file entry-v2.txt (compact mmCIF, C-alpha atoms and all ligand atoms)
# COMPACT_ATOMS: atom_id res chain seq x y z
CA GLU A 480 18.79 -10.84 56.82
CA LYS A 481 17.85 -14.52 56.91
CA THR A 482 18.60 -15.36 53.30
CA GLY A 483 18.18 -19.16 53.10
CA ARG A 484 19.02 -21.10 49.94
CA ASP A 485 20.74 -19.49 46.98
CA LYS A 486 18.71 -18.61 43.92
CA ALA A 487 20.06 -21.31 41.62
CA SER A 488 19.25 -24.15 44.00
CA LEU A 489 15.83 -22.69 44.78
CA LEU A 490 15.06 -22.41 41.11
CA ALA A 491 16.09 -26.02 40.47
CA ALA A 492 14.06 -27.29 43.43
CA ARG A 493 11.09 -25.19 42.38
CA LYS A 494 11.23 -26.69 38.89
CA ALA A 495 11.31 -30.18 40.38
CA LEU A 496 8.64 -29.68 43.03
CA LEU A 497 6.10 -27.16 41.73
CA GLY A 498 3.86 -27.29 38.71
CA PRO A 499 5.59 -26.22 35.51
CA ASN A 500 3.00 -23.58 34.58
CA LEU A 501 3.71 -21.35 37.59
CA SER A 502 5.40 -18.23 36.31
CA LEU A 503 8.16 -16.06 37.73
CA SER A 504 8.64 -12.37 37.14
CA TYR A 505 11.76 -11.34 35.23
CA ARG A 506 14.24 -13.43 33.24
CA GLU A 507 16.60 -13.14 36.20
CA PRO A 508 14.11 -13.87 39.02
CA LEU A 509 14.20 -12.03 42.31
CA LYS A 510 14.41 -13.67 45.69
CA ILE A 511 12.57 -11.35 48.03
CA VAL A 512 13.02 -12.01 51.74
CA ARG A 513 11.36 -9.05 53.40
CA GLY A 514 8.80 -6.31 52.78
CA GLU A 515 8.40 -2.95 54.43
CA GLY A 516 6.00 -0.24 53.26
CA VAL A 517 6.62 0.33 49.54
CA TRP A 518 9.87 -1.65 49.61
CA LEU A 519 10.71 -5.26 48.82
CA ILE A 520 14.14 -6.36 50.00
CA ASP A 521 16.05 -9.13 48.23
CA ALA A 522 18.39 -11.73 49.67
CA GLY A 523 21.39 -9.50 49.00
CA GLY A 524 19.82 -6.66 51.02
CA ARG A 525 18.87 -4.54 48.02
CA ALA A 526 15.58 -2.63 48.38
CA TYR A 527 13.28 -2.45 45.35
CA LEU A 528 10.50 0.10 45.03
CA ASP A 529 7.29 -1.90 44.61
CA CYS A 530 5.06 -0.19 42.06
CA TYR A 531 3.11 -3.32 41.21
CA ASN A 532 1.69 -4.99 44.28
CA ASN A 533 -1.88 -3.95 44.85
CA VAL A 534 -2.33 -6.66 47.48
CA ALA A 535 -0.06 -5.03 50.06
CA HIS A 536 -2.63 -2.23 50.03
CA VAL A 537 -1.44 -0.32 53.11
CA GLY A 538 2.20 -1.22 52.51
CA HIS A 539 4.11 -4.44 53.08
CA CYS A 540 3.92 -5.72 56.67
CA HIS A 541 2.19 -2.66 58.07
CA PRO A 542 2.77 -2.84 61.83
CA HIS A 543 -0.90 -2.23 62.65
CA VAL A 544 -2.05 -5.10 60.41
CA VAL A 545 0.70 -7.36 61.72
CA ALA A 546 -0.28 -6.57 65.32
CA ALA A 547 -3.95 -7.37 64.64
CA LEU A 548 -3.03 -10.66 62.96
CA ARG A 549 -0.64 -11.62 65.72
CA ASP A 550 -3.16 -10.83 68.41
CA GLN A 551 -6.01 -12.75 66.81
CA ILE A 552 -4.03 -15.78 65.67
CA GLY A 553 -2.73 -16.15 69.21
CA THR A 554 -6.27 -16.03 70.58
CA LEU A 555 -8.65 -17.89 68.30
CA ASN A 556 -9.17 -18.92 64.71
CA THR A 557 -12.37 -20.79 63.87
CA ASN A 558 -15.16 -20.72 61.30
CA THR A 559 -18.47 -18.91 60.99
CA ARG A 560 -20.49 -21.59 62.79
CA TYR A 561 -19.68 -19.89 66.11
CA LEU A 562 -20.65 -16.37 67.00
CA HIS A 563 -17.75 -13.94 66.87
CA ASP A 564 -17.40 -10.15 67.03
CA ALA A 565 -14.76 -9.81 64.31
CA ILE A 566 -16.92 -10.76 61.32
CA ILE A 567 -19.80 -8.56 62.45
CA ASP A 568 -17.59 -5.59 63.34
CA TYR A 569 -16.05 -5.81 59.90
CA ALA A 570 -19.36 -6.26 58.05
CA GLU A 571 -20.74 -3.15 59.77
CA ARG A 572 -17.72 -1.09 58.81
CA LEU A 573 -17.71 -2.30 55.23
CA LYS A 574 -21.44 -1.66 54.89
CA ALA A 575 -20.83 1.99 55.82
CA THR A 576 -18.50 2.35 52.79
CA LEU A 577 -21.02 0.97 50.29
CA PRO A 578 -24.10 2.53 48.67
CA GLU A 579 -27.35 1.91 50.46
CA GLY A 580 -28.86 -1.45 49.64
CA LEU A 581 -25.57 -3.36 49.38
CA ASP A 582 -25.97 -4.55 52.92
CA THR A 583 -25.54 -8.32 52.95
CA PHE A 584 -22.17 -10.09 52.91
CA TYR A 585 -20.66 -13.48 52.15
CA PHE A 586 -17.04 -14.10 53.12
CA THR A 587 -14.64 -16.20 51.04
CA SER A 588 -10.91 -16.94 50.95
CA SER A 589 -10.10 -15.52 47.51
CA GLY A 590 -11.32 -13.30 44.72
CA SER A 591 -12.09 -16.35 42.61
CA GLU A 592 -14.38 -17.77 45.25
CA ALA A 593 -16.11 -14.42 45.56
CA ASN A 594 -16.81 -14.33 41.81
CA GLU A 595 -18.00 -17.94 41.86
CA VAL A 596 -20.46 -17.11 44.65
CA ALA A 597 -21.60 -14.01 42.77
CA LEU A 598 -22.31 -16.02 39.61
CA ARG A 599 -24.15 -18.66 41.62
CA MET A 600 -26.28 -15.90 43.12
CA ALA A 601 -27.15 -14.45 39.72
CA ARG A 602 -28.10 -17.91 38.49
CA ALA A 603 -30.23 -18.53 41.57
CA VAL A 604 -32.05 -15.22 41.17
CA THR A 605 -32.73 -15.54 37.44
CA GLY A 606 -32.98 -19.29 37.01
CA ARG A 607 -30.68 -18.87 34.00
CA LYS A 608 -27.06 -19.84 33.36
CA GLY A 609 -25.31 -17.64 30.81
CA THR A 610 -22.85 -14.85 31.48
CA LEU A 611 -22.23 -11.59 29.65
CA VAL A 612 -18.59 -10.48 29.87
CA ILE A 613 -16.25 -7.89 28.45
CA ASP A 614 -13.64 -9.15 26.02
CA TRP A 615 -10.17 -9.90 27.47
CA ALA A 616 -11.46 -10.02 31.04
CA TYR A 617 -10.02 -12.13 33.83
CA HIS A 618 -12.17 -13.10 36.80
CA GLY A 619 -10.42 -16.03 38.44
CA THR A 620 -8.78 -19.40 38.40
CA THR A 621 -11.60 -21.96 38.70
CA GLN A 622 -13.01 -23.71 35.63
CA GLY A 623 -16.23 -21.74 36.04
CA LEU A 624 -14.32 -18.46 35.95
CA ILE A 625 -11.91 -19.46 33.18
CA ASP A 626 -15.13 -20.04 31.21
CA VAL A 627 -16.07 -16.35 31.64
CA SER A 628 -12.52 -14.99 31.26
CA ALA A 629 -11.65 -14.32 27.63
CA TYR A 630 -8.06 -13.61 28.67
CA LYS A 631 -7.81 -17.31 29.48
CA TYR A 632 -10.21 -19.18 27.21
CA LYS A 633 -9.03 -17.35 24.06
CA ARG A 634 -5.33 -17.58 24.68
CA LYS A 635 -2.81 -20.42 24.55
CA GLY A 636 -4.05 -23.43 26.51
CA GLY A 637 -7.65 -22.20 26.47
CA GLN A 638 -10.55 -24.12 24.94
CA GLY A 639 -12.35 -21.19 23.37
CA LYS A 640 -15.53 -19.42 24.35
CA PRO A 641 -18.21 -21.66 25.89
CA ALA A 642 -21.67 -21.33 24.31
CA THR A 643 -23.06 -19.86 27.55
CA THR A 644 -20.55 -16.98 27.59
CA HIS A 645 -21.34 -13.85 25.58
CA GLU A 646 -18.75 -11.17 24.90
CA LEU A 647 -19.06 -7.42 24.66
CA PRO A 648 -16.22 -5.67 22.81
CA LEU A 649 -13.53 -4.16 25.04
CA PRO A 650 -14.52 -0.46 25.13
CA GLU A 651 -11.08 1.08 24.57
CA VAL A 652 -11.13 4.84 24.21
CA TYR A 653 -7.60 4.80 22.77
CA ARG A 654 -8.44 2.27 20.07
CA ALA A 655 -12.02 3.29 19.31
CA PRO A 656 -12.83 3.57 15.59
CA ALA A 657 -11.29 6.79 14.24
CA ASP A 658 -14.62 8.09 12.91
CA TRP A 659 -16.30 8.05 16.34
CA PRO A 660 -16.47 11.57 17.84
CA ALA A 661 -14.55 11.70 21.15
CA ASP A 662 -17.61 12.64 23.18
CA GLU A 663 -19.66 9.80 21.73
CA ILE A 664 -17.27 6.90 22.37
CA GLY A 665 -19.12 5.68 25.47
CA ALA A 666 -22.50 5.90 23.75
CA ARG A 667 -21.22 4.10 20.64
CA TYR A 668 -19.87 1.18 22.66
CA VAL A 669 -23.15 1.10 24.60
CA ALA A 670 -25.10 0.99 21.34
CA GLU A 671 -23.03 -2.01 20.20
CA ALA A 672 -23.69 -3.73 23.53
CA GLU A 673 -27.42 -3.00 23.32
CA ASP A 674 -27.50 -4.73 19.93
CA ILE A 675 -25.71 -7.76 21.37
CA ILE A 676 -28.11 -7.93 24.33
CA ALA A 677 -31.12 -7.49 22.02
CA GLY A 678 -29.81 -10.40 19.94
CA LEU A 679 -29.56 -12.59 23.02
CA VAL A 680 -33.08 -11.65 24.06
CA ALA A 681 -34.38 -12.40 20.55
CA ARG A 682 -32.71 -15.82 20.57
CA GLY A 683 -34.01 -16.65 24.04
CA GLU A 684 -30.45 -16.73 25.39
CA VAL A 685 -30.68 -14.02 28.05
CA PRO A 686 -27.74 -14.52 30.40
CA ALA A 687 -28.04 -14.58 34.19
CA ALA A 688 -25.24 -12.12 34.85
CA PHE A 689 -23.17 -9.31 33.44
CA ILE A 690 -19.79 -9.36 35.16
CA ALA A 691 -17.11 -6.73 34.60
CA GLU A 692 -14.14 -5.24 36.34
CA THR A 693 -14.81 -1.54 36.77
CA ILE A 694 -11.37 -0.93 35.24
CA PRO A 695 -10.45 -3.93 33.08
CA SER A 696 -6.92 -4.67 34.21
CA VAL A 697 -5.42 -7.70 32.47
CA ALA A 698 -7.11 -6.31 29.36
CA GLY A 699 -4.52 -3.52 29.61
CA GLN A 700 -5.60 -1.02 32.28
CA VAL A 701 -8.59 0.03 30.19
CA PHE A 702 -10.69 2.85 31.60
CA LEU A 703 -14.33 2.50 30.68
CA PRO A 704 -15.53 5.53 28.71
CA GLU A 705 -17.91 7.98 30.27
CA GLY A 706 -21.47 6.71 30.33
CA TYR A 707 -20.46 3.17 29.39
CA LEU A 708 -21.11 1.32 32.63
CA LYS A 709 -24.33 3.24 33.24
CA GLY A 710 -25.57 2.38 29.76
CA ILE A 711 -24.63 -1.29 30.01
CA HIS A 712 -26.19 -1.68 33.46
CA ALA A 713 -29.40 -0.08 32.22
CA ALA A 714 -29.55 -2.33 29.16
CA ALA A 715 -28.72 -5.42 31.21
CA ARG A 716 -31.36 -4.64 33.81
CA ARG A 717 -34.01 -4.09 31.14
CA ALA A 718 -33.29 -7.66 30.04
CA GLY A 719 -33.39 -8.94 33.63
CA ILE A 720 -29.63 -9.54 33.84
CA VAL A 721 -27.94 -9.26 37.26
CA CYS A 722 -25.01 -6.78 37.26
CA ILE A 723 -21.83 -7.82 39.07
CA ALA A 724 -18.92 -5.42 39.65
CA ASP A 725 -15.60 -7.21 40.09
CA GLU A 726 -13.70 -4.79 42.35
CA VAL A 727 -11.04 -7.34 43.27
CA GLN A 728 -8.30 -5.10 41.90
CA VAL A 729 -9.78 -1.64 41.88
CA GLY A 730 -11.76 -1.43 45.12
CA PHE A 731 -10.79 -0.05 48.51
CA GLY A 732 -10.02 3.51 47.50
CA ARG A 733 -7.38 2.69 44.89
CA VAL A 734 -8.98 5.05 42.35
CA GLY A 735 -8.68 7.91 44.83
CA GLY A 736 -11.94 9.65 43.99
CA ALA A 737 -14.13 7.01 45.61
CA MET A 738 -13.90 3.95 47.81
CA TRP A 739 -15.39 1.81 45.03
CA ALA A 740 -14.47 2.40 41.40
CA PHE A 741 -18.08 1.83 40.25
CA GLU A 742 -19.16 4.88 42.25
CA GLU A 743 -17.29 7.07 39.76
CA HIS A 744 -19.61 5.74 37.04
CA GLY A 745 -22.85 6.57 38.84
CA VAL A 746 -24.03 2.97 39.08
CA VAL A 747 -24.96 0.68 41.95
CA PRO A 748 -24.28 -2.95 40.98
CA ASP A 749 -26.48 -5.76 42.24
CA ILE A 750 -23.41 -7.63 43.50
CA VAL A 751 -19.88 -6.45 44.25
CA THR A 752 -16.92 -8.81 44.63
CA MET A 753 -13.74 -7.98 46.53
CA GLY A 754 -10.39 -9.63 47.20
CA LYS A 755 -6.67 -8.98 46.81
CA PRO A 756 -6.10 -5.84 48.96
CA ILE A 757 -8.92 -6.59 51.42
CA GLY A 758 -6.62 -8.24 53.96
CA ALA A 759 -3.33 -6.63 52.82
CA GLY A 760 -1.96 -10.03 51.82
CA HIS A 761 -3.97 -12.19 54.17
CA PRO A 762 -6.07 -14.40 51.86
CA MET A 763 -9.64 -13.22 51.82
CA GLY A 764 -12.50 -12.38 49.48
CA LEU A 765 -15.99 -11.03 49.91
CA VAL A 766 -19.32 -10.68 48.16
CA ALA A 767 -21.60 -7.74 48.92
CA THR A 768 -25.16 -7.83 47.68
CA ARG A 769 -28.73 -6.82 48.35
CA ARG A 770 -30.95 -8.62 50.83
CA ASP A 771 -33.39 -9.76 48.11
CA ILE A 772 -30.61 -11.38 46.08
CA ALA A 773 -29.19 -13.08 49.17
CA ALA A 774 -32.71 -14.33 49.94
CA ALA A 775 -32.99 -15.94 46.49
CA PHE A 776 -29.51 -17.47 46.91
CA ALA A 777 -30.59 -18.95 50.25
CA ASN A 778 -32.74 -21.50 48.45
CA GLY A 779 -32.33 -24.23 51.02
CA MET A 780 -28.66 -25.01 50.40
CA GLU A 781 -26.33 -23.94 53.18
CA TYR A 782 -23.49 -21.56 52.37
CA PHE A 783 -20.38 -22.65 54.22
CA ASN A 784 -16.77 -21.74 53.58
CA THR A 785 -14.18 -23.27 55.90
CA PHE A 786 -11.85 -20.29 55.94
CA GLY A 787 -14.19 -17.53 54.78
CA GLY A 788 -15.03 -15.05 57.54
CA ASN A 789 -12.62 -16.50 60.10
CA PRO A 790 -11.69 -14.07 62.91
CA VAL A 791 -8.05 -13.75 61.86
CA SER A 792 -8.96 -12.65 58.32
CA CYS A 793 -11.63 -10.28 59.61
CA ARG A 794 -9.21 -8.65 62.05
CA ALA A 795 -6.66 -8.19 59.24
CA ALA A 796 -9.32 -6.64 57.02
CA ALA A 797 -10.48 -4.31 59.78
CA ALA A 798 -6.88 -3.26 60.38
CA VAL A 799 -6.62 -2.36 56.69
CA LEU A 800 -9.60 -0.01 57.05
CA ASP A 801 -8.05 1.46 60.22
CA VAL A 802 -4.82 2.29 58.39
CA MET A 803 -6.64 3.69 55.37
CA GLU A 804 -8.53 6.10 57.61
CA ALA A 805 -5.65 6.99 59.94
CA GLU A 806 -3.21 7.63 57.11
CA GLY A 807 -5.68 9.15 54.62
CA LEU A 808 -4.72 6.64 51.96
CA GLN A 809 -7.62 7.20 49.60
CA GLU A 810 -6.76 10.91 49.49
CA ASN A 811 -3.11 9.97 49.02
CA ALA A 812 -4.04 7.78 46.05
CA ALA A 813 -5.92 10.70 44.48
CA ARG A 814 -3.03 13.12 45.04
CA GLU A 815 -0.14 10.88 43.99
CA GLY A 816 -2.13 9.38 41.14
CA ALA A 817 -2.85 12.82 39.67
CA TYR A 818 0.81 13.80 40.04
CA LEU A 819 2.03 10.63 38.31
CA LEU A 820 -0.57 10.88 35.54
CA GLU A 821 0.48 14.40 34.68
CA ALA A 822 4.19 13.56 34.79
CA PHE A 823 3.81 10.50 32.57
CA ARG A 824 1.65 12.47 30.14
CA ALA A 825 4.38 15.10 29.94
CA MET A 826 6.86 12.36 28.98
CA MET A 827 4.82 11.68 25.83
CA ALA A 828 6.60 14.69 24.34
CA GLU A 829 9.94 12.89 24.77
CA ASP A 830 8.99 9.58 23.24
CA GLU A 831 6.85 8.84 20.21
CA GLN A 832 6.27 5.27 21.41
CA ILE A 833 4.24 6.26 24.46
CA GLY A 834 0.88 5.91 22.77
CA ASP A 835 -1.39 6.57 25.72
CA VAL A 836 -1.14 7.31 29.43
CA ARG A 837 -4.20 6.63 31.55
CA GLY A 838 -5.00 6.30 35.21
CA ARG A 839 -7.28 6.89 38.17
CA GLY A 840 -5.61 7.20 41.54
CA LEU A 841 -2.84 4.66 41.99
CA PHE A 842 -3.99 2.50 39.08
CA LEU A 843 -2.16 3.49 35.92
CA GLY A 844 -1.40 2.18 32.46
CA ILE A 845 1.19 3.38 29.97
CA GLU A 846 0.58 1.95 26.53
CA ILE A 847 3.69 1.40 24.42
CA VAL A 848 3.26 1.34 20.64
CA ARG A 849 5.55 1.25 17.62
CA ASP A 850 4.40 4.73 16.64
CA ARG A 851 1.42 6.92 17.42
CA ALA A 852 -0.01 6.81 13.91
CA SER A 853 -0.24 3.02 13.63
CA LYS A 854 -0.84 2.37 17.38
CA ALA A 855 0.79 -1.03 16.72
CA HIS A 856 1.33 -2.85 20.02
CA ASN A 857 4.97 -2.83 21.12
CA GLY A 858 5.24 -5.51 23.79
CA ALA A 859 8.99 -5.90 23.17
CA ARG A 860 9.75 -2.36 24.24
CA ALA A 861 7.28 -2.41 27.14
CA GLY A 862 8.99 -5.56 28.43
CA ALA A 863 12.43 -4.01 27.96
CA ILE A 864 11.41 -0.89 29.88
CA VAL A 865 10.07 -2.94 32.79
CA GLY A 866 13.19 -5.15 32.73
CA ARG A 867 15.49 -2.12 32.81
CA MET A 868 13.41 -0.57 35.63
CA ARG A 869 13.96 -3.72 37.67
CA GLU A 870 17.73 -3.43 37.15
CA LEU A 871 17.43 0.14 38.35
CA GLY A 872 15.50 -0.97 41.45
CA VAL A 873 11.84 -0.36 40.55
CA LEU A 874 9.26 -3.13 40.11
CA ALA A 875 6.45 -2.73 37.57
CA GLY A 876 4.67 -5.09 35.19
CA THR A 877 3.15 -5.35 31.74
CA ASP A 878 -0.33 -6.44 30.79
CA GLY A 879 -2.92 -6.46 28.04
CA PRO A 880 -3.38 -9.17 25.41
CA PHE A 881 -0.20 -7.96 23.68
CA ASP A 882 1.75 -7.26 26.91
CA ASN A 883 2.41 -3.72 25.76
CA VAL A 884 0.78 -1.82 28.61
CA ILE A 885 3.02 -0.95 31.53
CA LYS A 886 0.96 -1.47 34.64
CA LEU A 887 1.44 0.49 37.87
CA ARG A 888 -0.57 -0.13 41.04
CA PRO A 889 1.70 0.44 44.01
CA PRO A 890 0.82 0.12 47.69
CA MET A 891 -1.40 3.02 48.74
CA VAL A 892 1.28 4.44 51.06
CA PHE A 893 3.18 5.60 47.96
CA ALA A 894 4.53 9.06 48.84
CA ARG A 895 5.89 11.92 46.71
CA GLU A 896 9.50 10.75 47.08
CA HIS A 897 8.46 7.34 45.73
CA SER A 898 6.62 8.92 42.80
CA ASP A 899 9.71 10.96 41.97
CA LEU A 900 11.97 7.92 42.13
CA LEU A 901 9.57 5.98 39.89
CA LEU A 902 9.49 8.84 37.37
CA THR A 903 13.30 9.22 37.32
CA VAL A 904 13.82 5.51 36.78
CA PHE A 905 11.07 5.26 34.18
CA ARG A 906 12.58 8.16 32.23
CA GLN A 907 16.01 6.54 32.28
CA ALA A 908 14.62 3.14 31.21
CA LEU A 909 12.74 4.91 28.42
CA ALA A 910 15.92 6.63 27.20
CA GLU A 911 17.92 3.40 27.32
CA THR A 912 15.42 1.30 25.39
CA ARG A 913 14.84 3.64 22.44
CA GLY A 914 14.82 1.94 19.06
CA LEU A 915 13.12 -1.29 20.15
N1 LIG B 1 -10.89 -10.82 39.66
C1 LIG B 1 -9.88 -10.05 39.25
C2 LIG B 1 -10.19 -8.79 38.54
C3 LIG B 1 -8.55 -10.41 39.49
O1 LIG B 1 -7.56 -9.62 39.07
C4 LIG B 1 -8.30 -11.62 40.17
C5 LIG B 1 -6.88 -12.06 40.48
N2 LIG B 1 -5.91 -11.65 39.59
C6 LIG B 1 -9.37 -12.41 40.57
C7 LIG B 1 -10.65 -11.97 40.32
C8 LIG B 1 -9.17 -13.72 41.27
O2 LIG B 1 -8.71 -13.52 42.54
P1 LIG B 1 -7.86 -14.66 43.30
O3 LIG B 1 -6.57 -14.83 42.56
O4 LIG B 1 -7.71 -14.11 44.69
O5 LIG B 1 -8.69 -15.89 43.30
call {"tool": "encode", "arguments": {"input": "entry-v2.txt", "output": "structure tokens"}}
result
Amino acid sequence: EKTGRDKASLLAARKALLGPNLSLSYREPLKIVRGEGVWLIDAGGRAYLDCYNNVAHVGHCHPHVVAALRDQIGTLNTNTRYLHDAIIDYAERLKATLPEGLDTFYFTSSGSEANEVALRMARAVTGRKGTLVIDWAYHGTTQGLIDVSAYKYKRKGGQGKPATTHELPLPEVYRAPADWPADEIGARYVAEAEDIIAGLVARGEVPAAFIAETIPSVAGQVFLPEGYLKGIHAAARRAGIVCIADEVQVGFGRVGGAMWAFEEHGVVPDIVTMGKPIGAGHPMGLVATRRDIAAAFANGMEYFNTFGGNPVSCRAAAAVLDVMEAEGLQENAAREGAYLLEAFRAMMAEDEQIGDVRGRGLFLGIEIVRDRASKAHNGARAGAIVGRMRELGVLAGTDGPFDNVIKLRPPMVFAREHSDLLLTVFRQALAETRGL
């Protein structure tokens, strides 16, 4: 391997050269020099099982994606002001995966840009400014998106909720009020949201957009209860609010049962935003919408994005779809996800601090608590489990406002042997961190 500088000198140089609020994973950071499939290889040649990286959707450095990139970057890379096949070929293929009506596309270079464009569209269509969000959401790194991301504006360094942002409570099934019947949880959260929307209407503060991740991720891998999204979309539309689905993390077949997570909720958003896995690591984002919304957005101001829609990115993205089809990766996500979900649920019998296990396809969350009765968040143990897993060669992460939810979203080429290795290591880390 080409290993380069040692870790200590890199760390010192990084501290000197890069902004101090960049974070590193793990107290003892890793220096990764190569990726292959589900594996990340460090400078010492040790291979780690990557159970966290949802960007390397079809596996790290998939040869088909690499070949497409290599071919296109050696031929041409320009912007969308020239005609090119790649952007149109890709748009046609993507359109075929989406519900009818979502047939018009804007290309960007990141998920943040996609969400910014989506919010601009909603504002153009409605002539209003406000945004309705779900508590603890994260939608991107620009000021405009920090302002609609409770995960940022409410936490350390944030400046609080702007007056134009309106929050709906995070609809957690696990933490729903104890007196709500299980089969009414979705409807109860919808009723709360309807009251909030009615209040906004009454005060003349109807927002332009409702934006939500179909599975709130930084909020702690929270799966929206049955009927929730349908109810919220209906209420929002009655008030004339544009519905945006942020599928930056959960799109592209990750949930197994559908290409787009919103499809499992029986809704068709007005706008869908995509990013992260779209180019398997090549930076790209995308907005899909209806023709009438795009027409309102095209109000005389040109849309131009220097890198968005360039032929290299579009070839990478098309290669991702090729691999997904050729290797049956959506089906794989459904199969492996169901296997993992069942195995992790079975482990609840071994450990009183596993409060909840939830997942769809290869998008899973394991919530660690102090005990099942109190459901008190136990971020210390969740962090210790993930730290021990890393020592044992498996990479995972924690998330949620209290960092107590172990988050798993491996590359989609995750096979049975990888699931079994993950389960073995998780079980050992669990056993070795008891008492925290
Ligand atoms: N939306 C969601 C749900 C995300 O998770 C992220 C990135 N973590 C973004 C948007 C922003 O994407 P990017 O970092 O590519 O700008």
call {"tool": "closest_atom_pairs", "arguments": {"input": "entry-v2.txt", "of": "range 759-876 of chain A", "to": "range 724-742 of chain A", "cutoff": "10 Å", "atoms": "all atoms listed in the file", "output": "Markdown table"}}
result
| residue | atom | partner | partner_atom | distance |
| --- | --- | --- | --- | --- |
| A:Gly764 | CA | A:Val727 | CA | 8.1 |
| A:Leu765 | CA | A:Val727 | CA | 9.1 |
| A:Val766 | CA | A:Asp725 | CA | 9.5 |
| A:Ala767 | CA | A:Ala724 | CA | 9.9 |
| A:Val799 | CA | A:Phe731 | CA | 9.5 |
| A:Leu800 | CA | A:Phe731 | CA | 8.6 |
| A:Met803 | CA | A:Gly732 | CA | 8.6 |
| A:Leu808 | CA | A:Gly732 | CA | 7.6 |
| A:Gln809 | CA | A:Gly732 | CA | 4.9 |
| A:Glu810 | CA | A:Gly735 | CA | 5.9 |
| A:Asn811 | CA | A:Gly735 | CA | 7.3 |
| A:Ala812 | CA | A:Gly735 | CA | 4.8 |
| A:Ala813 | CA | A:Gly735 | CA | 3.9 |
| A:Arg814 | CA | A:Gly735 | CA | 7.7 |
| A:Glu815 | CA | A:Gly735 | CA | 9.1 |
| A:Gly816 | CA | A:Gly735 | CA | 7.7 |
| A:Ala817 | CA | A:Gly735 | CA | 9.2 |
| A:Gly838 | CA | A:Val734 | CA | 8.3 |
| A:Arg839 | CA | A:Val734 | CA | 4.9 |
| A:Gly840 | CA | A:Val734 | CA | 4.1 |
| A:Leu841 | CA | A:Arg733 | CA | 5.7 |
| A:Phe842 | CA | A:Val734 | CA | 6.5 |
| A:Leu843 | CA | A:Val734 | CA | 9.5 |
call {"tool": "closest_atom_pairs", "arguments": {"input": "entry-v2.txt", "of": "chain A", "to": "ligand LIG 1 (chain B)", "cutoff": "8 Å", "atoms": "only C-alpha atoms and all ligand atoms", "output": "JSON lines"}}
result
{"residue": "A:Ser588", "atom": "CA", "partner": "B:LIG1", "partner_atom": "O4", "distance": 7.6}
{"residue": "A:Ser589", "atom": "CA", "partner": "B:LIG1", "partner_atom": "O4", "distance": 4.0}
{"residue": "A:Gly590", "atom": "CA", "partner": "B:LIG1", "partner_atom": "O2", "distance": 3.4}
{"residue": "A:Ser591", "atom": "CA", "partner": "B:LIG1", "partner_atom": "O5", "distance": 3.5}
{"residue": "A:Glu592", "atom": "CA", "partner": "B:LIG1", "partner_atom": "O5", "distance": 6.3}
{"residue": "A:Ala593", "atom": "CA", "partner": "B:LIG1", "partner_atom": "O5", "distance": 7.9}
{"residue": "A:Asn594", "atom": "CA", "partner": "B:LIG1", "partner_atom": "C7", "distance": 6.8}
{"residue": "A:Ala616", "atom": "CA", "partner": "B:LIG1", "partner_atom": "C2", "distance": 7.7}
{"residue": "A:Tyr617", "atom": "CA", "partner": "B:LIG1", "partner_atom": "C2", "distance": 5.8}
{"residue": "A:His618", "atom": "CA", "partner": "B:LIG1", "partner_atom": "N1", "distance": 3.9}
{"residue": "A:Gly619", "atom": "CA", "partner": "B:LIG1", "partner_atom": "C8", "distance": 3.9}
{"residue": "A:Thr620", "atom": "CA", "partner": "B:LIG1", "partner_atom": "O5", "distance": 6.0}
{"residue": "A:Glu692", "atom": "CA", "partner": "B:LIG1", "partner_atom": "C2", "distance": 5.7}
{"residue": "A:Pro695", "atom": "CA", "partner": "B:LIG1", "partner_atom": "C2", "distance": 7.3}
{"residue": "A:Ser696", "atom": "CA", "partner": "B:LIG1", "partner_atom": "C2", "distance": 6.8}
{"residue": "A:Val697", "atom": "CA", "partner": "B:LIG1", "partner_atom": "O1", "distance": 7.2}
{"residue": "A:Asp725", "atom": "CA", "partner": "B:LIG1", "partner_atom": "C2", "distance": 5.8}
{"residue": "A:Glu726", "atom": "CA", "partner": "B:LIG1", "partner_atom": "C2", "distance": 6.5}
{"residue": "A:Val727", "atom": "CA", "partner": "B:LIG1", "partner_atom": "C1", "distance": 5.0}
{"residue": "A:Gln728", "atom": "CA", "partner": "B:LIG1", "partner_atom": "C2", "distance": 5.3}
{"residue": "A:Val729", "atom": "CA", "partner": "B:LIG1", "partner_atom": "C2", "distance": 7.9}
{"residue": "A:Met753", "atom": "CA", "partner": "B:LIG1", "partner_atom": "N1", "distance": 8.0}
{"residue": "A:Gly754", "atom": "CA", "partner": "B:LIG1", "partner_atom": "O4", "distance": 5.8}
{"residue": "A:Lys755", "atom": "CA", "partner": "B:LIG1", "partner_atom": "O4", "distance": 5.6}
{"residue": "A:Pro762", "atom": "CA", "partner": "B:LIG1", "partner_atom": "O4", "distance": 7.4}
{"residue": "A:Met763", "atom": "CA", "partner": "B:LIG1", "partner_atom": "O4", "distance": 7.4}
{"residue": "A:Gly764", "atom": "CA", "partner": "B:LIG1", "partner_atom": "O4", "distance": 7.0}
call {"tool": "closest_residue", "arguments": {"input": "entry-v2.txt", "among": "A:Leu703, A:Ile566, A:Ala822, A:Val604", "to": "Arg906 in chain A", "atoms": "only C-alpha atoms"}}
result
A:Ala822
call {"tool": "atom_distance", "arguments": {"input": "entry-v2.txt", "atom1": "CA of Ala828 in chain A", "atom2": "CA of Thr903 in chain A"}}
result
15.6 Å
call {"tool": "closest_atom_pairs", "arguments": {"input": "entry-v2.txt", "of": "range 867-915 of chain A", "to": "range 632-652 of chain A", "cutoff": "12 Å", "atoms": "only C-alpha atoms", "output": "Markdown table"}}
result
| residue | atom | partner | partner_atom | distance |
| --- | --- | --- | --- | --- |
| A:Gly879 | CA | A:Leu649 | CA | 11.3 |
| A:Pro880 | CA | A:Arg634 | CA | 8.7 |
| A:Phe881 | CA | A:Arg634 | CA | 10.9 |
